[in-house]
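What follows is the content of work-v2.tsv, which has TSV, C-alpha atoms:
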chain	number	residue	atom	x	y	z
A	106	MET	CA	-13.92	-81.07	16.76
A	107	THR	CA	-11.60	-78.07	16.80
A	108	ARG	CA	-8.48	-78.59	18.84
A	109	ALA	CA	-7.42	-76.10	21.50
A	110	VAL	CA	-4.46	-75.71	23.82
A	111	VAL	CA	-5.37	-74.58	27.35
A	112	LEU	CA	-2.75	-73.14	29.67
A	113	LEU	CA	-3.30	-74.81	33.02
A	114	SER	CA	-1.68	-73.68	36.26
A	115	GLY	CA	-3.96	-75.55	38.63
A	116	GLY	CA	-5.62	-72.39	39.95
A	117	ILE	CA	-9.28	-71.35	39.80
A	118	ASP	CA	-9.01	-69.31	36.61
A	119	SER	CA	-7.22	-71.80	34.39
A	120	THR	CA	-9.34	-74.69	35.68
A	121	THR	CA	-12.54	-72.79	34.91
A	122	THR	CA	-11.12	-71.88	31.50
A	123	LEU	CA	-10.42	-75.55	30.74
A	124	TYR	CA	-13.98	-76.53	31.60
A	125	LEU	CA	-15.34	-73.61	29.58
A	126	ALA	CA	-13.30	-74.60	26.51
A	127	LYS	CA	-14.57	-78.17	26.82
A	128	LYS	CA	-18.13	-76.94	27.20
A	129	LYS	CA	-17.71	-74.88	24.03
A	130	GLY	CA	-16.88	-78.11	22.23
A	131	TYR	CA	-13.13	-77.83	21.81
A	132	LYS	CA	-10.94	-80.91	21.90
A	133	CYS	CA	-8.51	-79.68	24.52
A	134	ALA	CA	-4.91	-80.41	25.39
A	135	ALA	CA	-3.56	-78.80	28.55
A	136	LEU	CA	-0.14	-77.20	28.82
A	137	ILE	CA	1.46	-77.11	32.26
A	138	PHE	CA	4.70	-75.36	33.20
A	139	ASP	CA	7.22	-76.55	35.72
A	140	TYR	CA	9.28	-73.36	35.71
A	141	GLY	CA	10.94	-73.28	39.08
A	142	GLN	CA	7.95	-72.28	41.19
A	143	ARG	CA	8.67	-72.36	44.92
A	144	HIS	CA	6.66	-75.55	45.21
A	145	ARG	CA	5.39	-78.54	43.21
A	146	LYS	CA	1.76	-78.10	44.23
A	147	GLU	CA	0.74	-76.12	41.16
A	148	VAL	CA	2.10	-78.72	38.77
A	149	ASP	CA	0.61	-81.60	40.76
A	150	ARG	CA	-2.83	-80.01	40.96
A	151	ALA	CA	-2.82	-79.04	37.29
A	152	SER	CA	-1.91	-82.61	36.32
A	153	ARG	CA	-4.66	-84.03	38.55
A	154	ILE	CA	-7.24	-81.63	37.14
A	155	SER	CA	-6.20	-82.57	33.59
A	156	ARG	CA	-6.60	-86.25	34.31
A	157	MET	CA	-9.88	-85.76	36.15
A	158	SER	CA	-11.32	-83.86	33.19
A	159	GLY	CA	-10.07	-86.44	30.70
A	160	THR	CA	-7.72	-83.91	29.08
A	161	PRO	CA	-4.33	-85.00	27.73
A	162	TYR	CA	-1.53	-82.74	28.92
A	163	LYS	CA	2.08	-81.86	28.39
A	164	ILE	CA	4.43	-80.51	31.03
A	165	VAL	CA	7.13	-78.11	29.83
A	166	LYS	CA	10.13	-77.83	32.12
A	167	ILE	CA	11.90	-74.52	32.17
A	168	LYS	CA	14.78	-73.41	34.28
A	169	LEU	CA	15.33	-69.68	33.98
A	170	PRO	CA	19.04	-69.11	34.60
A	171	TRP	CA	18.42	-65.70	36.15
A	172	ASN	CA	16.55	-64.36	39.14
A	173	GLY	CA	14.06	-61.55	39.14
A	174	SER	CA	11.00	-62.74	41.04
A	175	SER	CA	10.03	-63.69	44.57
A	176	LEU	CA	7.89	-66.41	43.00
A	177	LEU	CA	11.00	-68.25	41.85
A	178	ASP	CA	13.60	-67.27	44.42
A	179	LYS	CA	13.13	-68.86	47.82
A	180	LYS	CA	15.51	-66.35	49.37
A	181	LYS	CA	13.01	-63.59	48.64
A	182	ARG	CA	9.85	-63.03	50.65
A	183	ILE	CA	6.40	-63.36	49.15
A	184	PRO	CA	4.58	-60.11	49.95
A	185	ALA	CA	1.95	-60.53	52.68
A	186	HIS	CA	-1.16	-58.44	53.35
A	187	ARG	CA	-0.42	-56.27	50.33
A	188	LYS	CA	-3.07	-53.82	49.23
A	189	ILE	CA	-4.49	-55.77	46.28
A	190	SER	CA	-5.80	-52.68	44.54
A	191	SER	CA	-2.31	-51.15	44.60
A	192	LYS	CA	-1.11	-50.14	41.16
A	193	LYS	CA	2.43	-51.21	42.01
A	194	ILE	CA	3.48	-54.44	40.32
A	195	PRO	CA	4.45	-56.86	43.13
A	196	SER	CA	7.72	-58.78	43.48
A	197	THR	CA	5.91	-61.99	42.47
A	198	TYR	CA	5.87	-60.66	38.89
A	199	VAL	CA	8.06	-62.93	36.73
A	200	PRO	CA	9.63	-61.03	33.83
A	201	ALA	CA	7.89	-61.97	30.58
A	202	ARG	CA	6.27	-65.04	32.12
A	203	ASN	CA	3.06	-65.00	30.16
A	204	THR	CA	4.96	-64.25	26.96
A	205	ILE	CA	7.13	-67.31	27.59
A	206	PHE	CA	4.11	-69.49	28.39
A	207	LEU	CA	2.09	-68.26	25.45
A	208	SER	CA	4.96	-68.66	23.00
A	209	PHE	CA	5.15	-72.35	23.99
A	210	ALA	CA	1.36	-72.60	23.73
A	211	LEU	CA	1.44	-71.15	20.20
A	212	SER	CA	4.19	-73.58	19.27
A	213	PHE	CA	2.22	-76.51	20.70
A	214	ALA	CA	-0.95	-75.35	18.93
A	215	GLU	CA	0.71	-74.98	15.57
A	216	ALA	CA	2.59	-78.28	15.86
A	217	THR	CA	-0.61	-80.18	16.64
A	218	GLY	CA	-3.08	-78.37	14.40
A	219	ALA	CA	-4.93	-76.65	17.25
A	220	LYS	CA	-6.79	-73.53	16.20
A	221	ALA	CA	-7.13	-71.88	19.60
A	222	VAL	CA	-5.09	-71.11	22.70
A	223	PHE	CA	-7.05	-70.49	25.90
A	224	ILE	CA	-5.61	-68.63	28.86
A	225	GLY	CA	-7.46	-67.74	32.05
A	226	ALA	CA	-5.96	-64.27	32.29
A	227	ASN	CA	-7.99	-61.87	34.37
A	228	ALA	CA	-7.70	-58.11	34.65
A	229	VAL	CA	-10.28	-57.46	37.38
A	230	ASP	CA	-9.30	-59.28	40.57
A	231	PHE	CA	-5.58	-59.52	39.85
A	232	SER	CA	-2.26	-58.24	41.14
A	233	GLY	CA	-1.65	-55.69	38.42
A	234	TYR	CA	0.61	-57.85	36.27
A	235	PRO	CA	0.85	-56.09	32.89
A	236	ASP	CA	0.65	-59.35	30.95
A	237	CYS	CA	-2.89	-59.97	32.22
A	238	ARG	CA	-4.46	-56.92	30.59
A	239	PRO	CA	-6.55	-56.86	27.38
A	240	SER	CA	-4.08	-54.58	25.55
A	241	TYR	CA	-1.36	-57.20	26.01
A	242	TYR	CA	-3.54	-59.87	24.40
A	243	ARG	CA	-4.40	-57.58	21.50
A	244	ALA	CA	-0.68	-57.13	20.87
A	245	LEU	CA	-0.11	-60.87	21.18
A	246	ARG	CA	-2.77	-61.67	18.59
A	247	LYS	CA	-1.03	-59.34	16.17
A	248	LEU	CA	2.32	-60.97	16.93
A	249	ALA	CA	0.92	-64.44	16.31
A	250	ARG	CA	-0.54	-63.40	12.96
A	251	GLU	CA	2.80	-61.92	11.93
A	252	GLY	CA	5.09	-64.62	13.23
A	253	MET	CA	3.36	-67.95	12.69
A	254	LYS	CA	3.01	-70.08	9.59
A	255	GLU	CA	-0.59	-70.76	10.62
A	256	LYS	CA	-2.33	-67.39	10.64
A	257	ASP	CA	-5.63	-68.34	12.23
A	258	ILE	CA	-4.74	-69.54	15.72
A	259	ARG	CA	-7.07	-67.65	18.04
A	260	ILE	CA	-5.88	-66.50	21.46
A	261	LEU	CA	-8.86	-66.54	23.79
A	262	THR	CA	-9.16	-64.93	27.23
A	263	PRO	CA	-12.77	-65.62	28.22
A	264	LEU	CA	-12.34	-64.60	31.87
A	265	ILE	CA	-10.48	-61.36	31.32
A	266	ASN	CA	-13.31	-59.06	32.38
A	267	LEU	CA	-14.90	-61.20	35.10
A	268	SER	CA	-14.55	-60.71	38.83
A	269	LYS	CA	-13.13	-63.57	40.86
A	270	SER	CA	-16.54	-64.33	42.32
A	271	ASP	CA	-18.05	-64.51	38.82
A	272	ILE	CA	-15.27	-66.88	37.77
A	273	ILE	CA	-16.00	-69.10	40.78
A	274	LYS	CA	-19.72	-69.10	39.94
A	275	LEU	CA	-18.93	-69.99	36.34
A	276	GLY	CA	-16.53	-72.74	37.39
A	277	LYS	CA	-19.11	-74.28	39.70
A	278	LYS	CA	-21.79	-74.10	37.02
A	279	LEU	CA	-19.45	-75.92	34.63
A	280	GLY	CA	-18.69	-78.61	37.19
A	281	ALA	CA	-15.01	-77.64	37.44
A	282	PRO	CA	-13.26	-79.30	40.41
A	283	LEU	CA	-12.48	-76.04	42.21
A	284	HIS	CA	-11.79	-77.99	45.42
A	285	LEU	CA	-8.66	-79.34	43.74
A	286	THR	CA	-7.34	-75.95	42.67
A	287	TRP	CA	-4.36	-74.37	44.40
A	288	SER	CA	-3.76	-70.63	44.55
A	289	CYS	CA	-1.24	-69.97	47.34
A	290	TYR	CA	2.16	-68.74	46.18
A	291	SER	CA	3.96	-70.26	49.15
A	292	GLY	CA	3.07	-73.92	48.81
A	293	GLY	CA	2.89	-74.94	52.46
A	294	ASN	CA	0.64	-77.76	53.63
A	295	LYS	CA	-2.15	-75.23	53.96
A	296	PRO	CA	-2.59	-71.98	52.02
A	297	CYS	CA	-0.78	-69.12	53.81
A	298	GLY	CA	-3.85	-66.89	53.64
A	299	VAL	CA	-1.83	-63.68	53.36
A	300	CYS	CA	-0.29	-63.66	49.87
A	301	ASP	CA	-2.09	-61.80	47.05
A	302	SER	CA	-3.24	-65.02	45.49
A	303	CYS	CA	-4.76	-66.41	48.71
A	304	ARG	CA	-6.47	-63.12	49.46
A	305	ILE	CA	-7.96	-62.73	45.98
A	306	ARG	CA	-9.23	-66.31	46.26
A	307	GLN	CA	-10.80	-65.67	49.68
A	308	LYS	CA	-12.41	-62.48	48.43
A	309	GLY	CA	-13.85	-64.37	45.46
A	310	PHE	CA	-15.37	-67.12	47.59
A	311	SER	CA	-16.73	-64.66	50.15
A	312	GLU	CA	-18.48	-62.59	47.47
A	313	GLU	CA	-19.76	-65.53	45.48
B	40	MET	CA	27.50	-48.69	29.88
B	41	THR	CA	24.06	-49.82	28.78
B	42	ARG	CA	23.47	-53.53	29.13
B	43	ALA	CA	22.15	-55.60	26.23
B	44	VAL	CA	21.12	-59.21	25.74
B	45	VAL	CA	22.26	-60.70	22.41
B	46	LEU	CA	20.67	-63.86	21.05
B	47	LEU	CA	23.54	-66.03	19.85
B	48	SER	CA	23.11	-69.15	17.73
B	49	GLY	CA	26.72	-69.45	16.58
B	50	GLY	CA	25.92	-68.52	12.98
B	51	ILE	CA	27.16	-65.61	10.90
B	52	ASP	CA	24.26	-63.27	11.63
B	53	SER	CA	24.14	-63.55	15.39
B	54	THR	CA	27.94	-63.44	15.68
B	55	THR	CA	28.08	-60.27	13.59
B	56	THR	CA	25.25	-58.84	15.68
B	57	LEU	CA	27.18	-59.52	18.89
B	58	TYR	CA	30.24	-57.73	17.57
B	59	LEU	CA	28.10	-54.84	16.33
B	60	ALA	CA	26.43	-54.45	19.72
B	61	LYS	CA	29.83	-54.44	21.41
B	62	LYS	CA	31.13	-51.89	18.90
B	63	LYS	CA	28.13	-49.67	19.68
B	64	GLY	CA	29.25	-49.67	23.29
B	65	TYR	CA	26.75	-52.04	24.89
B	66	LYS	CA	27.78	-54.24	27.77
B	67	CYS	CA	26.57	-57.51	26.31
B	68	ALA	CA	25.41	-60.83	27.71
B	69	ALA	CA	24.75	-63.61	25.20
B	70	LEU	CA	21.77	-65.93	25.35
B	71	ILE	CA	22.18	-69.38	23.80
B	72	PHE	CA	19.46	-72.00	23.35
B	73	ASP	CA	19.91	-75.72	23.59
B	74	TYR	CA	16.46	-76.57	22.28
B	75	GLY	CA	16.81	-80.00	20.80
B	76	GLN	CA	18.65	-79.09	17.60
B	77	ARG	CA	19.81	-82.11	15.63
B	78	HIS	CA	23.35	-81.49	16.77
B	79	ARG	CA	25.41	-79.79	19.49
B	80	LYS	CA	27.56	-77.78	17.10
B	81	GLU	CA	25.47	-74.61	17.28
B	82	VAL	CA	25.60	-74.49	21.06
B	83	ASP	CA	29.32	-75.30	21.15
B	84	ARG	CA	30.20	-72.67	18.57
B	85	ALA	CA	28.01	-70.03	20.21
B	86	SER	CA	29.68	-70.72	23.56
B	87	ARG	CA	33.16	-70.49	22.01
B	88	ILE	CA	32.33	-67.24	20.25
B	89	SER	CA	30.98	-65.79	23.49
B	90	ARG	CA	34.14	-66.69	25.35
B	91	MET	CA	36.39	-65.47	22.55
B	92	SER	CA	34.64	-62.10	22.55
B	93	GLY	CA	34.78	-61.82	26.33
B	94	THR	CA	30.99	-61.94	26.61
B	95	PRO	CA	29.30	-63.67	29.55
B	96	TYR	CA	26.58	-66.05	28.43
B	97	LYS	CA	23.68	-68.13	29.63
B	98	ILE	CA	22.45	-71.32	28.04
B	99	VAL	CA	18.72	-72.00	28.27
B	100	LYS	CA	17.75	-75.64	27.85
B	101	ILE	CA	14.37	-76.31	26.32
B	102	LYS	CA	12.79	-79.58	25.43
B	103	LEU	CA	9.68	-79.06	23.35
B	104	PRO	CA	7.43	-82.04	24.09
B	105	TRP	CA	5.94	-81.98	20.56
B	106	ASN	CA	7.25	-82.38	17.07
B	107	GLY	CA	6.65	-80.05	14.19
B	108	SER	CA	10.00	-79.34	12.55
B	109	SER	CA	12.65	-81.21	10.59
B	110	LEU	CA	15.18	-79.14	12.52
B	111	LEU	CA	14.29	-80.95	15.72
B	112	ASP	CA	13.13	-84.35	14.52
B	113	LYS	CA	15.91	-86.59	13.27
B	114	LYS	CA	13.39	-88.85	11.59
B	115	LYS	CA	12.50	-86.06	9.19
B	116	ARG	CA	14.72	-85.03	6.29
B	117	ILE	CA	16.31	-81.63	6.06
B	118	PRO	CA	15.31	-80.20	2.65
B	119	ALA	CA	18.20	-80.22	0.15
B	120	HIS	CA	18.74	-78.05	-2.93
B	121	ARG	CA	15.56	-76.14	-2.18
B	122	LYS	CA	14.86	-73.02	-4.20
B	123	ILE	CA	15.87	-70.41	-1.64
B	124	SER	CA	13.70	-67.71	-3.15
B	125	SER	CA	10.64	-69.96	-2.79
B	126	LYS	CA	7.84	-68.35	-0.85
B	127	LYS	CA	6.96	-71.65	0.77
B	128	ILE	CA	8.00	-71.91	4.40
B	129	PRO	CA	10.34	-74.94	4.67
B	130	SER	CA	9.99	-77.88	7.06
B	131	THR	CA	12.91	-76.51	9.10
B	132	TYR	CA	10.55	-73.85	10.43
B	133	VAL	CA	10.07	-74.39	14.17
B	134	PRO	CA	6.63	-73.21	15.35
B	135	ALA	CA	6.99	-69.97	17.32
B	136	ARG	CA	10.74	-70.44	17.75
B	137	ASN	CA	11.74	-66.80	17.66
B	138	THR	CA	8.82	-65.88	19.91
B	139	ILE	CA	10.05	-68.44	22.45
B	140	PHE	CA	13.66	-67.24	22.18
B	141	LEU	CA	12.72	-63.58	22.38
B	142	SER	CA	10.40	-64.07	25.34
B	143	PHE	CA	13.32	-65.57	27.27
B	144	ALA	CA	15.55	-62.72	26.06
B	145	LEU	CA	13.05	-60.14	27.32
B	146	SER	CA	12.86	-61.97	30.64
B	147	PHE	CA	16.66	-62.07	30.92
B	148	ALA	CA	16.91	-58.40	29.96
B	149	GLU	CA	14.34	-57.25	32.48
B	150	ALA	CA	15.76	-59.43	35.27
B	151	THR	CA	19.26	-58.01	34.76
B	152	GLY	CA	18.46	-54.39	33.94
B	153	ALA	CA	19.42	-54.64	30.26
B	154	LYS	CA	17.83	-52.00	28.07
B	155	ALA	CA	18.20	-53.73	24.71
B	156	VAL	CA	17.74	-57.13	23.10
B	157	PHE	CA	19.68	-57.74	19.90
B	158	ILE	CA	18.73	-60.42	17.38
B	159	GLY	CA	20.43	-61.03	14.05
B	160	ALA	CA	17.17	-61.63	12.17
B	161	ASN	CA	17.43	-61.10	8.45
B	162	ALA	CA	14.67	-60.77	5.89
B	163	VAL	CA	16.79	-60.62	2.72
B	164	ASP	CA	18.83	-63.82	2.32
B	165	PHE	CA	16.60	-66.05	4.44
B	166	SER	CA	14.30	-69.05	4.12
B	167	GLY	CA	11.04	-67.16	4.36
B	168	TYR	CA	10.44	-67.77	8.06
B	169	PRO	CA	7.68	-65.34	9.08
B	170	ASP	CA	9.36	-64.53	12.39
B	171	CYS	CA	12.32	-62.95	10.60
B	172	ARG	CA	10.37	-60.15	8.93
B	173	PRO	CA	10.21	-56.49	10.05
B	174	SER	CA	6.44	-56.61	10.66
B	175	TYR	CA	6.96	-59.38	13.23
B	176	TYR	CA	9.45	-57.24	15.13
B	177	ARG	CA	7.14	-54.24	15.07
B	178	ALA	CA	4.45	-56.42	16.65
B	179	LEU	CA	6.93	-57.74	19.21
B	180	ARG	CA	7.97	-54.25	20.28
B	181	LYS	CA	4.34	-53.43	20.92
B	182	LEU	CA	3.91	-56.66	22.89
B	183	ALA	CA	6.96	-55.90	25.05
B	184	ARG	CA	5.67	-52.41	25.84
B	185	GLU	CA	2.30	-53.83	26.84
B	186	GLY	CA	3.49	-56.88	28.76
B	187	MET	CA	6.62	-55.90	30.63
B	188	LYS	CA	7.10	-53.99	33.84
B	189	GLU	CA	10.04	-52.21	32.22
B	190	LYS	CA	8.63	-50.33	29.25
B	191	ASP	CA	11.81	-49.20	27.55
B	192	ILE	CA	13.59	-52.39	26.54
B	193	ARG	CA	14.50	-51.92	22.88
B	194	ILE	CA	14.38	-54.85	20.47
B	195	LEU	CA	17.03	-54.28	17.84
B	196	THR	CA	17.42	-56.06	14.50
B	197	PRO	CA	20.36	-54.25	12.88
B	198	LEU	CA	20.86	-56.81	10.08
B	199	ILE	CA	17.26	-57.15	9.01
B	200	ASN	CA	17.63	-55.41	5.66
B	201	LEU	CA	21.17	-56.49	4.76
B	202	SER	CA	22.13	-59.14	2.23
B	203	LYS	CA	24.18	-62.08	3.48
B	204	SER	CA	27.26	-60.74	1.68
B	205	ASP	CA	26.83	-57.36	3.37
B	206	ILE	CA	26.53	-59.10	6.74
B	207	ILE	CA	29.75	-61.01	6.05
B	208	LYS	CA	31.51	-57.78	5.06
B	209	LEU	CA	30.27	-56.11	8.23
B	210	GLY	CA	31.31	-59.07	10.37
B	211	LYS	CA	34.81	-59.04	8.92
B	212	LYS	CA	35.11	-55.28	9.40
B	213	LEU	CA	34.13	-55.71	13.05
B	214	GLY	CA	36.66	-58.49	13.56
B	215	ALA	CA	33.98	-61.11	14.24
B	216	PRO	CA	35.37	-64.68	14.22
B	217	LEU	CA	33.31	-65.81	11.22
B	218	HIS	CA	35.63	-68.84	10.81
B	219	LEU	CA	34.14	-70.21	14.03
B	220	THR	CA	30.52	-69.80	12.96
B	221	TRP	CA	28.40	-72.81	12.02
B	222	SER	CA	25.43	-72.63	9.68
B	223	CYS	CA	24.65	-76.18	8.50
B	224	TYR	CA	21.38	-77.60	9.80
B	225	SER	CA	22.64	-81.17	9.68
B	226	GLY	CA	25.64	-80.99	11.96
B	227	GLY	CA	27.95	-83.51	10.30
B	228	ASN	CA	31.71	-83.21	10.55
B	229	LYS	CA	31.60	-80.95	7.53
B	230	PRO	CA	28.73	-78.71	6.39
B	231	CYS	CA	26.39	-80.66	4.09
B	232	GLY	CA	26.46	-77.93	1.45
B	233	VAL	CA	22.89	-78.57	0.32
B	234	CYS	CA	20.59	-77.34	3.10
B	235	ASP	CA	19.16	-73.80	2.89
B	236	SER	CA	21.49	-72.55	5.56
B	237	CYS	CA	24.65	-73.89	3.85
B	238	ARG	CA	23.55	-72.52	0.50
B	239	ILE	CA	22.71	-69.06	1.80
B	240	ARG	CA	26.11	-69.01	3.50
B	241	GLN	CA	27.93	-70.06	0.33
B	242	LYS	CA	26.06	-67.46	-1.69
B	243	GLY	CA	27.03	-64.79	0.82
B	244	PHE	CA	30.71	-65.65	0.74
B	245	SER	CA	30.75	-65.91	-3.07
B	246	GLU	CA	29.18	-62.48	-3.49
B	247	GLU	CA	31.19	-60.78	-0.79
For this file, produce the structure as structure tokens.
Amino acid sequence: MTRAVVLLSGGIDSTTTLYLAKKKGYKCAALIFDYGQRHRKEVDRASRISRMSGTPYKIVKIKLPWNGSSLLDKKKRIPAHRKISSKKIPSTYVPARNTIFLSFALSFAEATGAKAVFIGANAVDFSGYPDCRPSYYRALRKLAREGMKEKDIRILTPLINLSKSDIIKLGKKLGAPLHLTWSCYSGGNKPCGVCDSCRIRQKGFSEE
Amino acid sequence: MTRAVVLLSGGIDSTTTLYLAKKKGYKCAALIFDYGQRHRKEVDRASRISRMSGTPYKIVKIKLPWNGSSLLDKKKRIPAHRKISSKKIPSTYVPARNTIFLSFALSFAEATGAKAVFIGANAVDFSGYPDCRPSYYRALRKLAREGMKEKDIRILTPLINLSKSDIIKLGKKLGAPLHLTWSCYSGGNKPCGVCDSCRIRQKGFSEE
């Protein structure tokens, strides 16, 4: 079996991606980041989903010693009722976040002999983050070929062109535990319902 | 003054790069990584050099929860008396290390409004690490343009085509405190004299 590293945030997309990678026959290891999110829910859900799917996982702890995102800084407000189709990148954008995550994933893959890195990036129902678009992943593949000892680690983004409702359908078909996923940026007892992530989730379930 | 982030390991190359960036008129902030090296000397020297040069600095702590390099794993041996010109990548290679470091540097730069990231990468007197070569930096520049909100952060590698002796000459000319730099991978009281890093350093000083 070919080994793969799957980035797992505990949301719908990464959970579906994990189940898709398993379905494709990869021997998966999940990579979870505890990077100063406003709440622990993401990390807890991702860990539960890993265990439930029988996937070993590693948690990388990162403390960025600078600000720059409302997702990390509790003094900032998470935007509510934002126009999702807006081309403006929202304040929840974390500078270079996916590049940081993916660099750890490449390191993990190479250190353990994995030949693929899966990420549930999506460029259809998303908040306009530049590091979710196909052109970013094309550049990353080139970087990995140039910078790694192992030249054939594939970076796979199987959900990149799907709508949220298609991702939900796919996740259900694969038996992914979508009821355990967490999307809300705020991390209250219940989802806030007004942040981008909650609204994209609701839209996905309503259209599914 | 334009702000710049300078990656600082406490060795000759990054110290010279810091002084070069300052000489070019950048308002610098240094970025130092405590990433599980075999010893604390690198971090201590980098911090001292930052303070001596009047440069504010941040230390990012990383614990990679996997092995994969003799530079991080004390149970592995650091190669001694290796043929430096060998095309084989040595066991001191850390999977995706520069990609991890540079992703944090890009994050720091964007979060603080810096318009440049300096790294003292060198592809002449080096151990053959793939992430020190010009083609890697070309790919990284493309990645940064694709993945960041801020599109005009420059990634600068001013030493990439210099020999170690030329870097030492440049460092001395700039008044860089090369006597404080530390190169040895092993981190004993005195440099071991036989690891790649010690030998490249010795060669540089002997040819200078």
(request) Select all residues from chain A having any atom no more than 10 Å from an atom of chain B (counting only C-alpha atoms, ignoring ligands), output as a VMD selection string. (result) chain A and resid 163 to 174 193 to 194 198 to 218 234 to 255
For the residues in the current selection, export C-alpha atoms as a compact mmCIF listing (two decimals), in the frame of the given file.
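For reference, again03.txt as written:
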# COMPACT_ATOMS: atom_id res chain seq x y z
CA LYS A 163 2.08 -81.86 28.39
CA ILE A 164 4.43 -80.51 31.03
CA VAL A 165 7.13 -78.11 29.83
CA LYS A 166 10.13 -77.83 32.12
CA ILE A 167 11.90 -74.52 32.17
CA LYS A 168 14.78 -73.41 34.28
CA LEU A 169 15.33 -69.68 33.98
CA PRO A 170 19.04 -69.11 34.60
CA TRP A 171 18.42 -65.70 36.15
CA ASN A 172 16.55 -64.36 39.14
CA GLY A 173 14.06 -61.55 39.14
CA SER A 174 11.00 -62.74 41.04
CA LYS A 193 2.43 -51.21 42.01
CA ILE A 194 3.48 -54.44 40.32
CA TYR A 198 5.87 -60.66 38.89
CA VAL A 199 8.06 -62.93 36.73
CA PRO A 200 9.63 -61.03 33.83
CA ALA A 201 7.89 -61.97 30.58
CA ARG A 202 6.27 -65.04 32.12
CA ASN A 203 3.06 -65.00 30.16
CA THR A 204 4.96 -64.25 26.96
CA ILE A 205 7.13 -67.31 27.59
CA PHE A 206 4.11 -69.49 28.39
CA LEU A 207 2.09 -68.26 25.45
CA SER A 208 4.96 -68.66 23.00
CA PHE A 209 5.15 -72.35 23.99
CA ALA A 210 1.36 -72.60 23.73
CA LEU A 211 1.44 -71.15 20.20
CA SER A 212 4.19 -73.58 19.27
CA PHE A 213 2.22 -76.51 20.70
CA ALA A 214 -0.95 -75.35 18.93
CA GLU A 215 0.71 -74.98 15.57
CA ALA A 216 2.59 -78.28 15.86
CA THR A 217 -0.61 -80.18 16.64
CA GLY A 218 -3.08 -78.37 14.40
CA TYR A 234 0.61 -57.85 36.27
CA PRO A 235 0.85 -56.09 32.89
CA ASP A 236 0.65 -59.35 30.95
CA CYS A 237 -2.89 -59.97 32.22
CA ARG A 238 -4.46 -56.92 30.59
CA PRO A 239 -6.55 -56.86 27.38
CA SER A 240 -4.08 -54.58 25.55
CA TYR A 241 -1.36 -57.20 26.01
CA TYR A 242 -3.54 -59.87 24.40
CA ARG A 243 -4.40 -57.58 21.50
CA ALA A 244 -0.68 -57.13 20.87
CA LEU A 245 -0.11 -60.87 21.18
CA ARG A 246 -2.77 -61.67 18.59
CA LYS A 247 -1.03 -59.34 16.17
CA LEU A 248 2.32 -60.97 16.93
CA ALA A 249 0.92 -64.44 16.31
CA ARG A 250 -0.54 -63.40 12.96
CA GLU A 251 2.80 -61.92 11.93
CA GLY A 252 5.09 -64.62 13.23
CA MET A 253 3.36 -67.95 12.69
CA LYS A 254 3.01 -70.08 9.59
CA GLU A 255 -0.59 -70.76 10.62
(request) Tell me which protein, DNA and RNA residues are within 10 Å of B:Lys80, counting all atoms listed in the file, leaving out same-chain ones fewer than 4 positions away, and put them as a count of residues only. (result) 15
(message) Set the distance at 8 Å and use all atoms listed in the file: which residues neighbour A:Lys220 once local chain neighbours fewer than 5 positions away are removed? I'd like the list as a list in words.
(response)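 Result of the neighbour search: Thr107, Arg108, Ala109, Ala214, Glu215, Asp257, Ile258 and Arg259 of chain A.
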(message) With distances taken over only C-alpha atoms, which residue among A:Ile183, A:Cys133, A:Leu123, A:Leu279 lies nearest A:Cys300?
(response)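 With only C-alpha atoms as the atom set, the closest residue is A:Ile183.
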With all atoms listed in the file as the counted atoms, please give the residues lying no more than 8 Å from B:Gly243, apart from itself and same-chain residues fewer than 2 positions off, as a JSON list (two decimals) with C-alpha atoms, in the coordinates of the input.
[["chain", "number", "residue", "atom", "x", "y", "z"],
["B", 202, "SER", "CA", 22.13, -59.14, 2.23],
["B", 203, "LYS", "CA", 24.18, -62.08, 3.48],
["B", 204, "SER", "CA", 27.26, -60.74, 1.68],
["B", 205, "ASP", "CA", 26.83, -57.36, 3.37],
["B", 207, "ILE", "CA", 29.75, -61.01, 6.05],
["B", 239, "ILE", "CA", 22.71, -69.06, 1.80],
["B", 240, "ARG", "CA", 26.11, -69.01, 3.50],
["B", 241, "GLN", "CA", 27.93, -70.06, 0.33],
["B", 245, "SER", "CA", 30.75, -65.91, -3.07],
["B", 246, "GLU", "CA", 29.18, -62.48, -3.49],
["B", 247, "GLU", "CA", 31.19, -60.78, -0.79]]
(request) May I have the residues within 8 Å of A:Asp301 as a list of chain:residue names, using all atoms listed in the file and disregarding those fewer than 2 positions away in the same chain? (result)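 Within the cut-off, the hits are A:Pro184, A:Ala185, A:His186, A:Arg187, A:Ile189, A:Ser232, A:Val299, A:Cys303, A:Arg304, A:Ile305.
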(request) Could you tell me how far atom CA of A:Pro263 lies from atom CA of A:Leu283, in Å and to one decimal? (result)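 Interatomic distance, atom CA of A:Pro263 to atom CA of A:Leu283: 17.4 Å.
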(request) Mind giving me the straight-line distance from atom CA of B:Pro216 to atom CA of B:Ser124 in Å, one decimal? (result) 27.9 Å
(request) Mind giving me the straight-line distance from atom CA of A:Gly225 to atom CA of A:Thr160 in Å, one decimal? (result)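 It comes out at 16.4 Å.
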